[in-house]
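Here is the file structure.txt (compact mmCIF, C-alpha atoms and all ligand atoms).
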# COMPACT_ATOMS: atom_id res chain seq x y z
CA MET A 821 63.20 71.80 21.62
CA ILE A 822 60.09 73.75 22.58
CA VAL A 823 57.84 75.30 19.90
CA ILE A 824 55.10 77.63 21.16
CA GLY A 825 52.55 78.79 18.60
CA LEU A 826 50.58 81.98 19.22
CA ASP A 827 47.91 81.77 16.55
CA GLY A 828 47.65 85.06 14.66
CA ALA A 829 49.96 87.08 16.96
CA THR A 830 51.26 90.29 15.38
CA TRP A 831 53.99 92.82 16.20
CA THR A 832 51.60 95.66 15.32
CA VAL A 833 49.77 94.98 18.61
CA ILE A 834 52.73 93.74 20.67
CA LYS A 835 55.49 96.25 19.98
CA PRO A 836 53.63 99.49 20.86
CA ALA A 837 52.33 97.83 24.08
CA LEU A 838 55.52 96.35 25.57
CA GLY A 839 54.91 98.38 28.76
CA LYS A 840 51.84 96.20 29.35
CA LEU A 841 53.44 92.98 28.13
CA PRO A 842 56.45 92.32 30.37
CA ALA A 843 57.13 88.76 29.20
CA PHE A 844 57.20 89.82 25.53
CA LYS A 845 59.47 92.70 26.55
CA ALA A 846 61.87 90.36 28.35
CA LEU A 847 61.88 87.94 25.41
CA LEU A 848 62.67 90.72 22.93
CA GLU A 849 65.46 92.04 25.13
CA ARG A 850 67.13 88.66 25.67
CA PHE A 851 66.58 86.73 22.43
CA HIS A 852 66.40 87.05 18.65
CA HIS A 853 63.17 88.04 16.94
CA THR A 854 61.91 88.76 13.46
CA THR A 855 58.80 89.25 11.37
CA LEU A 856 57.77 85.82 10.14
CA THR A 857 56.09 86.22 6.75
CA CYS A 858 53.35 83.78 5.85
CA ASP A 859 54.47 82.93 2.30
CA ILE A 860 51.62 80.58 1.47
CA ARG A 861 48.06 81.31 0.32
CA PRO A 862 45.37 81.41 1.54
CA ILE A 863 46.61 82.99 4.77
CA HIS A 864 44.79 80.59 7.02
CA SER A 865 45.73 78.62 10.11
CA GLY A 866 45.12 75.12 8.66
CA PRO A 867 47.46 75.39 5.65
CA SER A 868 49.93 77.69 7.42
CA TRP A 869 50.52 75.40 10.43
CA ALA A 870 50.60 72.43 8.02
CA THR A 871 53.43 74.08 6.07
CA ILE A 872 55.18 75.19 9.26
CA PHE A 873 55.28 71.65 10.68
CA SER A 874 55.77 69.65 7.46
CA GLY A 875 57.95 71.94 5.34
CA GLN A 876 55.64 71.13 2.42
CA ALA A 877 53.89 73.73 0.26
CA PRO A 878 50.05 73.65 0.17
CA SER A 879 50.30 72.06 -3.30
CA GLU A 880 52.11 69.13 -1.65
CA HIS A 881 50.22 68.72 1.65
CA GLY A 882 46.93 69.60 -0.04
CA ILE A 883 45.47 71.48 2.94
CA MET A 884 43.64 74.69 2.04
CA HIS A 885 41.44 75.00 5.14
CA PHE A 886 41.11 73.01 8.37
CA VAL A 887 41.00 69.28 7.67
CA MET A 888 37.49 68.27 8.70
CA GLY A 889 35.86 64.91 9.25
CA GLN A 890 37.29 61.87 10.94
CA GLU A 891 38.31 60.03 7.77
CA ALA A 892 40.21 62.92 6.19
CA ARG A 893 41.89 63.62 9.51
CA GLU A 894 42.99 60.00 9.95
CA GLU A 895 44.27 59.87 6.40
CA LEU A 896 46.34 63.02 7.00
CA LEU A 897 47.84 61.57 10.19
CA ARG A 898 48.67 58.29 8.43
CA LYS A 899 50.85 60.14 5.91
CA LYS A 900 53.29 61.09 8.71
CA ILE A 901 54.41 64.30 7.00
CA PHE A 902 54.99 66.31 10.18
CA VAL A 903 58.23 67.02 12.00
CA TRP A 904 56.95 65.27 15.14
CA ASP A 905 56.69 62.04 13.11
CA ARG A 906 60.46 62.19 12.61
CA VAL A 907 61.69 62.60 16.20
CA GLY A 908 62.14 60.09 19.01
CA ARG A 909 59.41 61.36 21.29
CA ALA A 910 57.18 64.35 20.77
CA ILE A 911 54.32 65.91 22.68
CA VAL A 912 51.98 67.95 20.47
CA MET A 913 49.15 70.01 21.89
CA GLY A 914 46.30 71.62 20.00
CA VAL A 915 47.77 72.31 16.56
CA PRO A 916 44.84 73.61 14.46
CA ILE A 917 45.68 71.94 11.17
CA SER A 918 42.53 69.87 11.52
CA LEU A 919 39.40 70.12 13.65
CA PRO A 920 39.67 68.59 16.20
CA PRO A 921 43.24 69.85 16.38
CA ILE A 922 46.27 67.55 16.19
CA ASN A 923 47.46 66.17 19.53
CA VAL A 924 50.27 63.62 19.97
CA ASN A 925 50.82 61.95 23.36
CA TYR A 926 48.31 64.44 24.72
CA ARG A 927 44.58 64.41 25.31
CA MET A 928 42.60 67.62 24.98
CA ASP A 929 39.13 67.24 26.44
CA GLU A 930 36.40 69.64 25.29
CA TRP A 931 38.55 70.77 22.36
CA GLU A 932 35.82 73.06 20.96
CA LYS A 933 35.99 75.14 24.13
CA HIS A 934 39.77 75.37 23.87
CA VAL A 935 40.15 76.00 20.15
CA LEU A 936 36.95 77.49 18.71
CA SER A 937 35.01 79.22 21.48
CA VAL A 938 34.58 82.97 21.08
CA ARG A 939 33.43 83.41 24.68
CA GLU A 940 35.98 85.51 26.53
CA ASP A 941 35.97 83.46 29.73
CA GLU A 942 36.64 80.32 27.69
CA MET A 943 39.48 82.03 25.81
CA PHE A 944 41.16 82.92 29.11
CA GLN A 945 40.48 79.44 30.48
CA SER A 946 41.93 77.64 27.48
CA THR A 947 45.18 79.57 27.78
CA LYS A 948 45.42 78.78 31.49
CA MET A 949 44.87 75.09 30.85
CA LEU A 950 47.51 75.00 28.14
CA ILE A 951 50.08 76.84 30.30
CA ARG A 952 49.76 74.13 32.93
CA ASP A 953 50.02 71.33 30.38
CA VAL A 954 52.95 72.89 28.47
CA ILE A 955 54.97 73.23 31.66
CA GLY A 956 54.12 69.64 32.60
CA ALA A 957 55.21 68.44 29.16
CA ILE A 958 58.52 70.34 29.31
CA GLU A 959 59.37 69.24 32.84
CA TYR A 960 58.03 65.68 32.94
CA GLY A 961 57.30 64.72 29.31
CA ASP A 962 60.77 63.39 28.48
CA ALA A 963 60.22 64.65 24.91
CA ASP A 964 62.72 65.71 22.22
CA LEU A 965 60.09 68.10 20.87
CA VAL A 966 57.20 69.84 22.65
CA VAL A 967 54.75 71.73 20.40
CA ALA A 968 51.76 73.72 21.65
CA VAL A 969 49.53 76.25 19.89
CA PHE A 970 47.63 78.88 21.86
CA SER A 971 44.53 79.84 19.86
CA GLU A 972 43.44 82.76 22.06
CA PRO A 973 45.09 85.56 20.03
CA ASP A 974 43.40 84.45 16.79
CA ARG A 975 39.97 84.11 18.35
CA ALA A 976 40.22 87.41 20.25
CA GLN A 977 41.49 89.37 17.24
CA HIS A 978 38.69 88.15 14.96
CA MET A 979 36.17 89.41 17.54
CA PHE A 980 37.80 92.48 19.14
CA TRP A 981 40.14 94.00 16.55
CA ARG A 982 38.28 97.32 16.78
CA GLU A 983 38.18 97.22 20.61
CA PRO A 984 41.84 97.73 21.57
CA GLU A 985 41.28 97.60 25.34
CA THR A 986 39.51 94.27 25.20
CA LEU A 987 42.08 92.96 22.75
CA MET A 988 44.92 93.96 25.08
CA LYS A 989 43.41 91.83 27.87
CA HIS A 990 43.84 88.78 25.65
CA TYR A 991 47.41 89.71 24.73
CA GLN A 992 48.05 90.09 28.47
CA SER A 993 46.62 86.61 28.97
CA ILE A 994 49.17 85.33 26.42
CA ASP A 995 51.88 87.40 28.08
CA ARG A 996 51.10 85.68 31.41
CA ALA A 997 51.43 82.34 29.61
CA LEU A 998 54.86 83.33 28.31
CA ALA A 999 55.90 84.60 31.75
CA ALA A 1000 54.99 81.23 33.26
CA ILE A 1001 56.73 79.24 30.52
CA LEU A 1002 59.86 81.41 30.29
CA PRO A 1003 61.74 79.89 33.27
CA HIS A 1004 61.20 76.46 31.72
CA LEU A 1005 62.92 77.54 28.48
CA GLU A 1006 66.23 78.30 30.19
CA GLY A 1007 69.07 76.37 28.59
CA LYS A 1008 66.77 74.92 25.92
CA ASP A 1009 66.26 75.65 22.24
CA PHE A 1010 62.90 77.26 21.58
CA LEU A 1011 60.83 78.99 18.93
CA ILE A 1012 57.79 81.14 19.66
CA LEU A 1013 55.88 81.96 16.48
CA SER A 1014 52.60 82.85 14.85
CA ASP A 1015 51.19 81.27 11.69
CA HIS A 1016 50.16 84.68 10.32
CA GLY A 1017 49.58 88.21 11.59
CA PHE A 1018 46.37 90.21 11.94
CA THR A 1019 44.77 93.38 10.66
CA ASP A 1020 41.38 95.01 10.17
CA ALA A 1021 38.94 92.67 8.41
CA ASP A 1022 38.48 95.21 5.59
CA GLU A 1023 42.19 95.04 4.71
CA THR A 1024 42.12 91.23 4.66
CA ARG A 1025 39.12 91.29 2.31
CA LYS A 1026 40.55 93.98 0.05
CA ASN A 1027 43.79 92.04 -0.44
CA LYS A 1028 41.97 88.69 -0.73
CA TRP A 1029 44.37 87.19 1.82
CA ASP A 1030 41.61 85.11 3.37
CA THR A 1031 37.84 85.04 3.72
CA VAL A 1032 36.44 86.94 6.71
CA ARG A 1033 33.01 86.36 8.19
CA ASP A 1034 30.55 89.26 8.52
CA ASN A 1035 30.67 89.22 12.32
CA GLN A 1036 34.49 89.43 12.40
CA THR A 1037 36.25 92.79 12.76
CA GLY A 1038 39.77 91.38 12.39
CA GLY A 1039 41.26 89.28 9.60
CA HIS A 1040 44.52 87.55 8.76
CA HIS A 1041 47.63 89.43 7.57
CA PRO A 1042 50.83 87.92 6.13
CA GLU A 1043 53.22 89.31 8.74
CA GLY A 1044 53.50 87.11 11.81
CA ILE A 1045 56.08 86.93 14.58
CA ALA A 1046 59.03 84.73 15.58
CA ILE A 1047 61.23 84.76 18.72
CA SER A 1048 64.03 82.25 19.39
CA ASN A 1049 67.32 81.70 21.19
CA ILE A 1050 68.73 81.20 17.66
CA PRO A 1051 68.18 83.72 14.80
CA PRO A 1052 64.72 82.60 13.61
CA PRO A 1053 63.55 81.95 10.04
CA GLU A 1054 61.81 84.75 8.14
CA CYS A 1055 59.05 82.88 6.35
CA THR A 1056 56.68 80.05 7.24
CA SER A 1057 57.98 77.72 4.52
CA LYS A 1058 61.40 77.72 6.21
CA VAL A 1059 60.24 76.97 9.78
CA CYS A 1060 60.25 73.17 9.48
CA GLY A 1061 63.84 73.16 8.21
CA PHE A 1062 64.78 75.45 11.10
CA ILE A 1063 63.21 73.08 13.65
CA GLU A 1064 64.94 70.05 12.11
CA THR A 1065 68.35 71.75 12.02
CA THR A 1066 67.91 72.88 15.62
CA LEU A 1067 66.96 69.37 16.72
CA ARG A 1068 70.05 67.98 14.95
CA ASN A 1069 72.37 70.55 16.52
CA LYS A 1070 70.77 70.20 19.96
CA ARG A 1071 72.83 72.25 22.36
CA GLY A 1072 72.69 69.83 25.24
CA ASP A 1073 72.05 71.58 28.51
CA GLY A 1074 73.05 74.75 30.16
CA LYS A 1075 74.68 76.60 27.27
ZN ZN B 1 41.89 83.13 12.26
Turn this file's structure into structure tokens for me.
Ligand SMILES: [Zn+2]
Amino acid sequence: MIVIGLDGATWTVIKPALGKLPAFKALLERFHHTTLTCDIRPIHSGPSWATIFSGQAPSEHGIMHFVMGQEAREELLRKKIFVWDRVGRAIVMGVPISLPPINVNYRMDEWEKHVLSVREDEMFQSTKMLIRDVIGAIEYGDADLVVAVFSEPDRAQHMFWREPETLMKHYQSIDRALAAILPHLEGKDFLILSDHGFTDADETRKNKWDTVRDNQTGGHHPEGIAISNIPPPECTSKVCGFIETTLRNKRGDGK
């Protein structure tokens, strides 16, 4: 199974712009999709991805922000709470539950550039690098589960929410990633999802969904996205169960 995370991706940007996003358009025409509601608080990537990949509520996994510091990170990994700890072989790339992000059977050099940088050229670059590595993992990784999270949409939306033309360039970068990956999903089970949606920073603050820094124009929103060859789950707390059921019912090839 292939799980592609698009951090912070939202239908409110994608659906009105399908003319400029051909891969999203093709995915919506061919597969199932839904609004994936982030049903945990705070609405933040660390706890949301942790719930998505463990099935545990924040009160159980204890993650309220990114897990920082080497010791805390190692302790989290030792607990083996994530779905990739329960499959034969997994490749996991850049899941921002901790900083540095979680990687399994994968090395991400210069992770800050690929996960945190707010420079536009580095956002584009990080997506390009991950496209190459995701395709390599699918084709040559011999893995039961491939997980990769693209952080470009989250970073771009925090910076450029009030600049729709600039923002669209980053969605088009993600669309190119999906276009490249799409042929490699044929005949396989897959889930493309975001950990939360996005909105204007003022709305995030007003609803106390998450903290937003002064220099950020966009903030997190509970309504994210999901696309799959199987009808996808509708809230983040149900994603892990969905992945495990799909892995158990693996379709084999070609169907
Ligand atoms: Zn964010």
Shell of 9 Å around ligand ZN 1 (chain B) (only C-alpha atoms and all ligand atoms), written as a tab-separated table (two decimals) with C-alpha atoms, in the frame of the given file:
chain	number	residue	atom	x	y	z
A	827	ASP	CA	47.91	81.77	16.55
A	828	GLY	CA	47.65	85.06	14.66
A	863	ILE	CA	46.61	82.99	4.77
A	864	HIS	CA	44.79	80.59	7.02
A	865	SER	CA	45.73	78.62	10.11
A	971	SER	CA	44.53	79.84	19.86
A	973	PRO	CA	45.09	85.56	20.03
A	974	ASP	CA	43.40	84.45	16.79
A	975	ARG	CA	39.97	84.11	18.35
A	977	GLN	CA	41.49	89.37	17.24
A	978	HIS	CA	38.69	88.15	14.96
A	1016	HIS	CA	50.16	84.68	10.32
A	1018	PHE	CA	46.37	90.21	11.94
A	1032	VAL	CA	36.44	86.94	6.71
A	1038	GLY	CA	39.77	91.38	12.39
A	1039	GLY	CA	41.26	89.28	9.60
A	1040	HIS	CA	44.52	87.55	8.76
> When distances are computed from all atoms listed in the file, which of A:Val954, A:Phe851, A:Gly882, A:Val907 shows the smallest separation from Glu895 (chain A)?
Replying inline: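 Closest to Glu895 (chain A) of all the choices is A:Gly882.
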Give the centre and edge lengths of an axis-aligned box, in Å to one decimal, that holds all listed atoms of region 854-862 of chain A with 8 Å on each side, as JSON.
{"center_x": 53.6, "center_y": 84.9, "center_z": 6.9, "size_x": 32.5, "size_y": 24.7, "size_z": 29.1}
> Nearest to Ile834 (chain A): which of A:Pro921, A:Gly908, A:Pro984, A:Pro1053 is it, counting all atoms listed in the file?
Replying inline: A:Pro984
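Within 6 Å of the point (46.8, 76.6, 24.0), and counting all atoms listed in the file, the protein, DNA and RNA residues are Thr947, Leu950, Val969, Phe970 and Ser971 of chain A.
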Just to be explicit: take each residue in the selection above, keep C-alpha atoms, and write the result as a short mmCIF file (atom, residue, chain, number, x, y, z; two decimals), keeping the file's coordinate frame.
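In the end it all went to out_32.cif:
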data_model
loop_
_atom_site.label_atom_id
_atom_site.label_comp_id
_atom_site.auth_asym_id
_atom_site.auth_seq_id
_atom_site.Cartn_x
_atom_site.Cartn_y
_atom_site.Cartn_z
CA THR A 947 45.18 79.57 27.78
CA LEU A 950 47.51 75.00 28.14
CA VAL A 969 49.53 76.25 19.89
CA PHE A 970 47.63 78.88 21.86
CA SER A 971 44.53 79.84 19.86
#
Find the residues of region 878-972 of chain A that sit at most 10 Å from region 999-1009 of chain A; for each, write down the nearest two atoms and how far apart they are in Å, to one decimal. Count only C-alpha atoms. Sort by chain, then by number going up, and give it as JSON lines.
{"residue": "A:Ile951", "atom": "CA", "partner": "A:Ile1001", "partner_atom": "CA", "distance": 7.1}
{"residue": "A:Arg952", "atom": "CA", "partner": "A:Ala1000", "partner_atom": "CA", "distance": 8.8}
{"residue": "A:Val954", "atom": "CA", "partner": "A:Ile1001", "partner_atom": "CA", "distance": 7.7}
{"residue": "A:Ile955", "atom": "CA", "partner": "A:Ile1001", "partner_atom": "CA", "distance": 6.4}
{"residue": "A:Gly956", "atom": "CA", "partner": "A:His1004", "partner_atom": "CA", "distance": 9.9}
{"residue": "A:Ile958", "atom": "CA", "partner": "A:His1004", "partner_atom": "CA", "distance": 7.1}
{"residue": "A:Glu959", "atom": "CA", "partner": "A:His1004", "partner_atom": "CA", "distance": 7.5}
{"residue": "A:Leu965", "atom": "CA", "partner": "A:Asp1009", "partner_atom": "CA", "distance": 9.8}
>> Considering only C-alpha atoms, can you say which of A:Ile1047, A:Val966, A:Met979, A:Leu896 comes closest to Arg1033 (chain A)?
In response: A:Met979
> Between CA of Ala976 (chain A) and CA of Gly839 (chain A), what is the distance, to one decimal in Å?
Replying inline: 20.2 Å
> Quick one: distance from CA of Leu1011 (chain A) to CA of Ile824 (chain A) in Å, one decimal?
Replying inline: 6.3 Å
Show me a table, sorted first by chain and then by increasing residue number, of the residues of region 908-966 of chain A having an atom at most 10 Å from region 869-880 of chain A, each with its shortest atom pair and the distance in Å to one decimal, counting all atoms listed in the file and written as a tab-separated table.
residue	atom	partner	partner_atom	distance
A:Val915	CA	A:Trp869	CA	7.4
A:Pro916	CA	A:Trp869	CA	7.2
A:Ile917	CA	A:Ala870	CA	5.9
A:Ser918	CA	A:Ala870	CA	9.2
